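Colleague: Dropping a structure here in structure tokens format, bear with me for questions.
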Amino acid sequence: MSRRSPAPADTILTSAPVFTMNLAQRWADFVAITGDRIVAVGDTASVKDWIGPSTQVVELNGGLILPAFQDAHAHPLHGGLAQLRCELHEASGRDSYLEIIQRYAQDNPDAEWIDGGGWSMDDFTGGTPERSLLDTIVPDRPVFLTNRDGHGAWVNSLALELAGIDDSTPDPSGGRIERDERGEPQGTLHEHAMDAVAALVPEATPEEREEGLRLAQRQLHALGISSWQDAWIVDREFDAYVALEERGELSARVVLSLLWDRDRDESQIDGLMERRRRGDLERVKADTVKIFQDGVVENFTAAMLGPYLDGSGNETSNSGISMVEPDLLNRYVTALDAQGFQVHIHAIGDRAVRESLDAFEAAQVRNGRRDARHHIAHIQVVDGNDVPRFRTLGVVANAQPLWASLEPQMENLTIPFLAPERARQQYPFASLRRAGATIAFGSDWPVSSPDPLLEMEVAITRVDPANRDGEPLLPEERLDLPAALEAFTMGAAYVNRLERDTGSIEVGKLADIAVLDRDPFEPGAGPLGEAKVVLTLVDGKPVHGDPSIGLD
């Protein structure tokens, strides 16, 4: 409720409905801001109480005022850095990729390697592009291009030669070398099979990383995003965030998820604790650890409770890869939990999800229950028996909703290879919500679009935005608009430990606000993914805005 101000507000946003995400006051007519805080949220009749001679009144003339969005799982530094490399994320189709790669090689004659990525598996037969395609256009330099989800790479013959990978090279633990009919490396490397080549690619400089982070921050602010959790942080990325924070260039609030090295044991925890200490800054917190428990369905490395199919309905002998043995996962999670870390686990298959939940349960048994806010990211396939365990254990379901549709990768590289009972258990958002789980949404950018409006459209429709007349994927798992908005505001703020100050528009909270060009609650507003953010405030200051709005 609005209350009478002891002094006029600095800024008032009005002439657009306010959807607050505050259950006690869902809707309002204006927001008043003084300094970096919200001082009033009320109806039109009380707005005049907050206007003084120096108050800037912003008449929005429609749209919708919302809490700024937060992304619970993204890789912004990688997304920004990708724009400085051979960038394929915005392209589609083999010929388009080859044209971009060839042009990049021609435009960068001094580049020792051609590196970058963003190709989509569904653009190639079996999801596995061949090295011969790259050999034709870049014969003189090694090429290393990760796919859109980062779980595979497309390389040329020279890259394989430099890494010592040939027909006699065994598949590494946790990885697979794609091979042709003669047994020779075909040009696609999955999971840890990428490591031997990736280790040879020249690292980005500190200056490049910092520029990539600046680019990413501008892009995310333009989408209404004020805060995020960066889900892959090693020393180099850590240093870039700290550098921008120390120079006052970081306007976002960021949780850094420190990468767990699966080839080491608990001895690495001391180093993680030191990074947490160094990363305890005003806008950066490094109190989360990221563990990969499996791969992805498309290359058959997501860990399943039963075998994959061969595409013709027959069972194979493969049920995916548990990147960390379950007993070790229990031990590691328990040790991290004992030191007060939040644990963030990548789990796509139903076995990986169960192993992750088991590990969190083991930590609770050993350490006792605390406000840990551990979370499992991606949760593509969740066995029905495990859905209620999220609420029981207090584990957050960290989901990437854009993937929950019948897009080509789902239709061609996923459903034909899953047993029918598993295909029916994909992205169970509504089931998790009914079971009382906290849901936080993230984009996994640059794996997929960082646009929360596009992501939420799919959560609501379960239809591919590129084919809005298409069939939905498991429509019974749709969310409504308020639930989708909650997952990208209060849900993500909760997992980021920011909900006391952000995630809703309430008196006393920080003025992190997004304004849309339309009100998606109104009939005829059009697809949510077509809406645009016209203004983003962080701490009451504009970090993105349409100049016609007139906010200083």
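Order determines the names: the first chain of the structure tokens is A, the second B, and so forth; residues in each chain are numbered 1 upward, and ligands are numbered 1 upward as they are shown.
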At most 12 Å is the cut-off: for each residue in segment 60-178 of chain A with any atom that close to an atom of segment 373-389 of chain A, write down the nearest atom pair and the distance in Å rounded to one decimal, counting only C-alpha atoms, chain first then increasing number, as a tab-separated table.
Modeller:
residue	atom	partner	partner_atom	distance
A:Asp71	CA	A:Ala377	CA	11.9
A:Ala72	CA	A:Ala377	CA	8.9
A:His73	CA	A:Ala377	CA	7.4
A:Ala74	CA	A:Ala377	CA	10.5
A:Asp149	CA	A:His378	CA	11.6
Colleague: Find the residues around segment 13-17 of chain A up to 9 Å (only C-alpha atoms counted), leave out those fewer than 4 positions away in its own chain, and share them as a ChimeraX atom specification.
Modeller: /A:27-33,44,47,56-66,515,519
Colleague: Calculated over only C-alpha atoms, which of the candidates A:Pro542, A:Pro420, A:Gln229, A:Asp337 has the smallest distance to Asn398 of chain A?
Modeller: A:Gln229
Colleague: Can you tell me, as a count of residues only, which residues in segment 396-511 of chain A count as alpha helix (DSSP H) by DSSP?
Modeller: 36
Colleague: Can you list, as a ChimeraX atom specification, every protein, DNA or RNA residue that comes within 10 Å of segment 295-301 of chain A when you count only C-alpha atoms, leaving out same-chain residues fewer than 5 positions away?
Modeller: /A:121-122,126-128,149-152,174-176,178,189-192,307-309,318-323,346-349,352,378,380-381,409-410,412-415,417-418
Colleague: Set the distance at 7 Å and use only C-alpha atoms: which residues neighbour Pro446 of chain A once local chain neighbours fewer than 2 positions away are removed? I'd like the list as a list in words.
Modeller: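 Once the adjacent positions are removed, what remains is His75, Gly79, Asp444, Ser448 and Ser449 of chain A.
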Colleague: To test your reading of the structure, identify every residue in segment 220-459 of chain A that backbone DSSP assigns to strand (DSSP E or B), and report it as a PyMOL selection string.
Modeller: chain A and resi 225-233+253-259+284-292+309+315+342-347+375-378+381+396-399+426+439-441
Colleague: How would the residues just picked look written out with C-alpha atoms as a PDB file, in the first residue's frame?
Modeller:
ATOM      1  CA  ILE A 225      17.511  -8.327 -16.721  1.00  0.00           C
ATOM      2  CA  SER A 226      19.088  -6.799 -13.633  1.00  0.00           C
ATOM      3  CA  SER A 227      20.775  -9.833 -12.026  1.00  0.00           C
ATOM      4  CA  TRP A 228      21.975 -13.292 -12.915  1.00  0.00           C
ATOM      5  CA  GLN A 229      23.823 -16.390 -11.781  1.00  0.00           C
ATOM      6  CA  ASP A 230      26.809 -17.149 -14.015  1.00  0.00           C
ATOM      7  CA  ALA A 231      26.890 -20.930 -14.114  1.00  0.00           C
ATOM      8  CA  TRP A 232      30.498 -21.577 -15.192  1.00  0.00           C
ATOM      9  CA  ILE A 233      33.219 -19.715 -13.351  1.00  0.00           C
ATOM     10  CA  ARG A 253      24.079  -8.073  -9.338  1.00  0.00           C
ATOM     11  CA  VAL A 254      25.792 -11.397 -10.013  1.00  0.00           C
ATOM     12  CA  VAL A 255      26.163 -14.740  -8.266  1.00  0.00           C
ATOM     13  CA  LEU A 256      29.234 -16.630  -9.466  1.00  0.00           C
ATOM     14  CA  SER A 257      28.854 -20.407  -9.645  1.00  0.00           C
ATOM     15  CA  LEU A 258      32.381 -21.768  -9.185  1.00  0.00           C
ATOM     16  CA  LEU A 259      33.113 -24.805 -11.347  1.00  0.00           C
ATOM     17  CA  VAL A 284      29.322  -9.980  -6.841  1.00  0.00           C
ATOM     18  CA  LYS A 285      28.929 -13.012  -4.592  1.00  0.00           C
ATOM     19  CA  ALA A 286      30.891 -16.217  -5.187  1.00  0.00           C
ATOM     20  CA  ASP A 287      29.125 -18.583  -2.805  1.00  0.00           C
ATOM     21  CA  THR A 288      27.851 -21.237  -5.229  1.00  0.00           C
ATOM     22  CA  VAL A 289      29.580 -24.316  -6.687  1.00  0.00           C
ATOM     23  CA  LYS A 290      28.553 -25.859 -10.016  1.00  0.00           C
ATOM     24  CA  ILE A 291      28.782 -29.626 -10.570  1.00  0.00           C
ATOM     25  CA  PHE A 292      28.094 -31.406 -13.872  1.00  0.00           C
ATOM     26  CA  LEU A 309      16.475 -46.178 -28.061  1.00  0.00           C
ATOM     27  CA  GLU A 315      16.668 -50.425 -26.794  1.00  0.00           C
ATOM     28  CA  GLN A 342      25.031 -23.380  -2.361  1.00  0.00           C
ATOM     29  CA  VAL A 343      25.374 -26.308  -4.804  1.00  0.00           C
ATOM     30  CA  HIS A 344      24.152 -25.952  -8.398  1.00  0.00           C
ATOM     31  CA  ILE A 345      24.005 -29.257 -10.304  1.00  0.00           C
ATOM     32  CA  HIS A 346      23.611 -29.746 -14.055  1.00  0.00           C
ATOM     33  CA  ALA A 347      21.234 -32.697 -14.441  1.00  0.00           C
ATOM     34  CA  HIS A 375      19.295 -26.199  -7.124  1.00  0.00           C
ATOM     35  CA  ILE A 376      19.216 -28.577 -10.061  1.00  0.00           C
ATOM     36  CA  ALA A 377      19.509 -26.990 -13.488  1.00  0.00           C
ATOM     37  CA  HIS A 378      17.845 -28.118 -16.714  1.00  0.00           C
ATOM     38  CA  VAL A 381      13.489 -35.586 -17.751  1.00  0.00           C
ATOM     39  CA  VAL A 396      14.967 -25.354  -6.354  1.00  0.00           C
ATOM     40  CA  ALA A 397      13.961 -26.492  -9.849  1.00  0.00           C
ATOM     41  CA  ASN A 398      16.139 -24.334 -12.104  1.00  0.00           C
ATOM     42  CA  ALA A 399      14.572 -24.654 -15.558  1.00  0.00           C
ATOM     43  CA  GLN A 426      10.065 -33.779 -20.067  1.00  0.00           C
ATOM     44  CA  ILE A 439      10.813 -22.818  -9.748  1.00  0.00           C
ATOM     45  CA  ALA A 440      13.488 -20.436 -10.979  1.00  0.00           C
ATOM     46  CA  PHE A 441      13.906 -19.753 -14.678  1.00  0.00           C
TER      47      PHE A 441
END
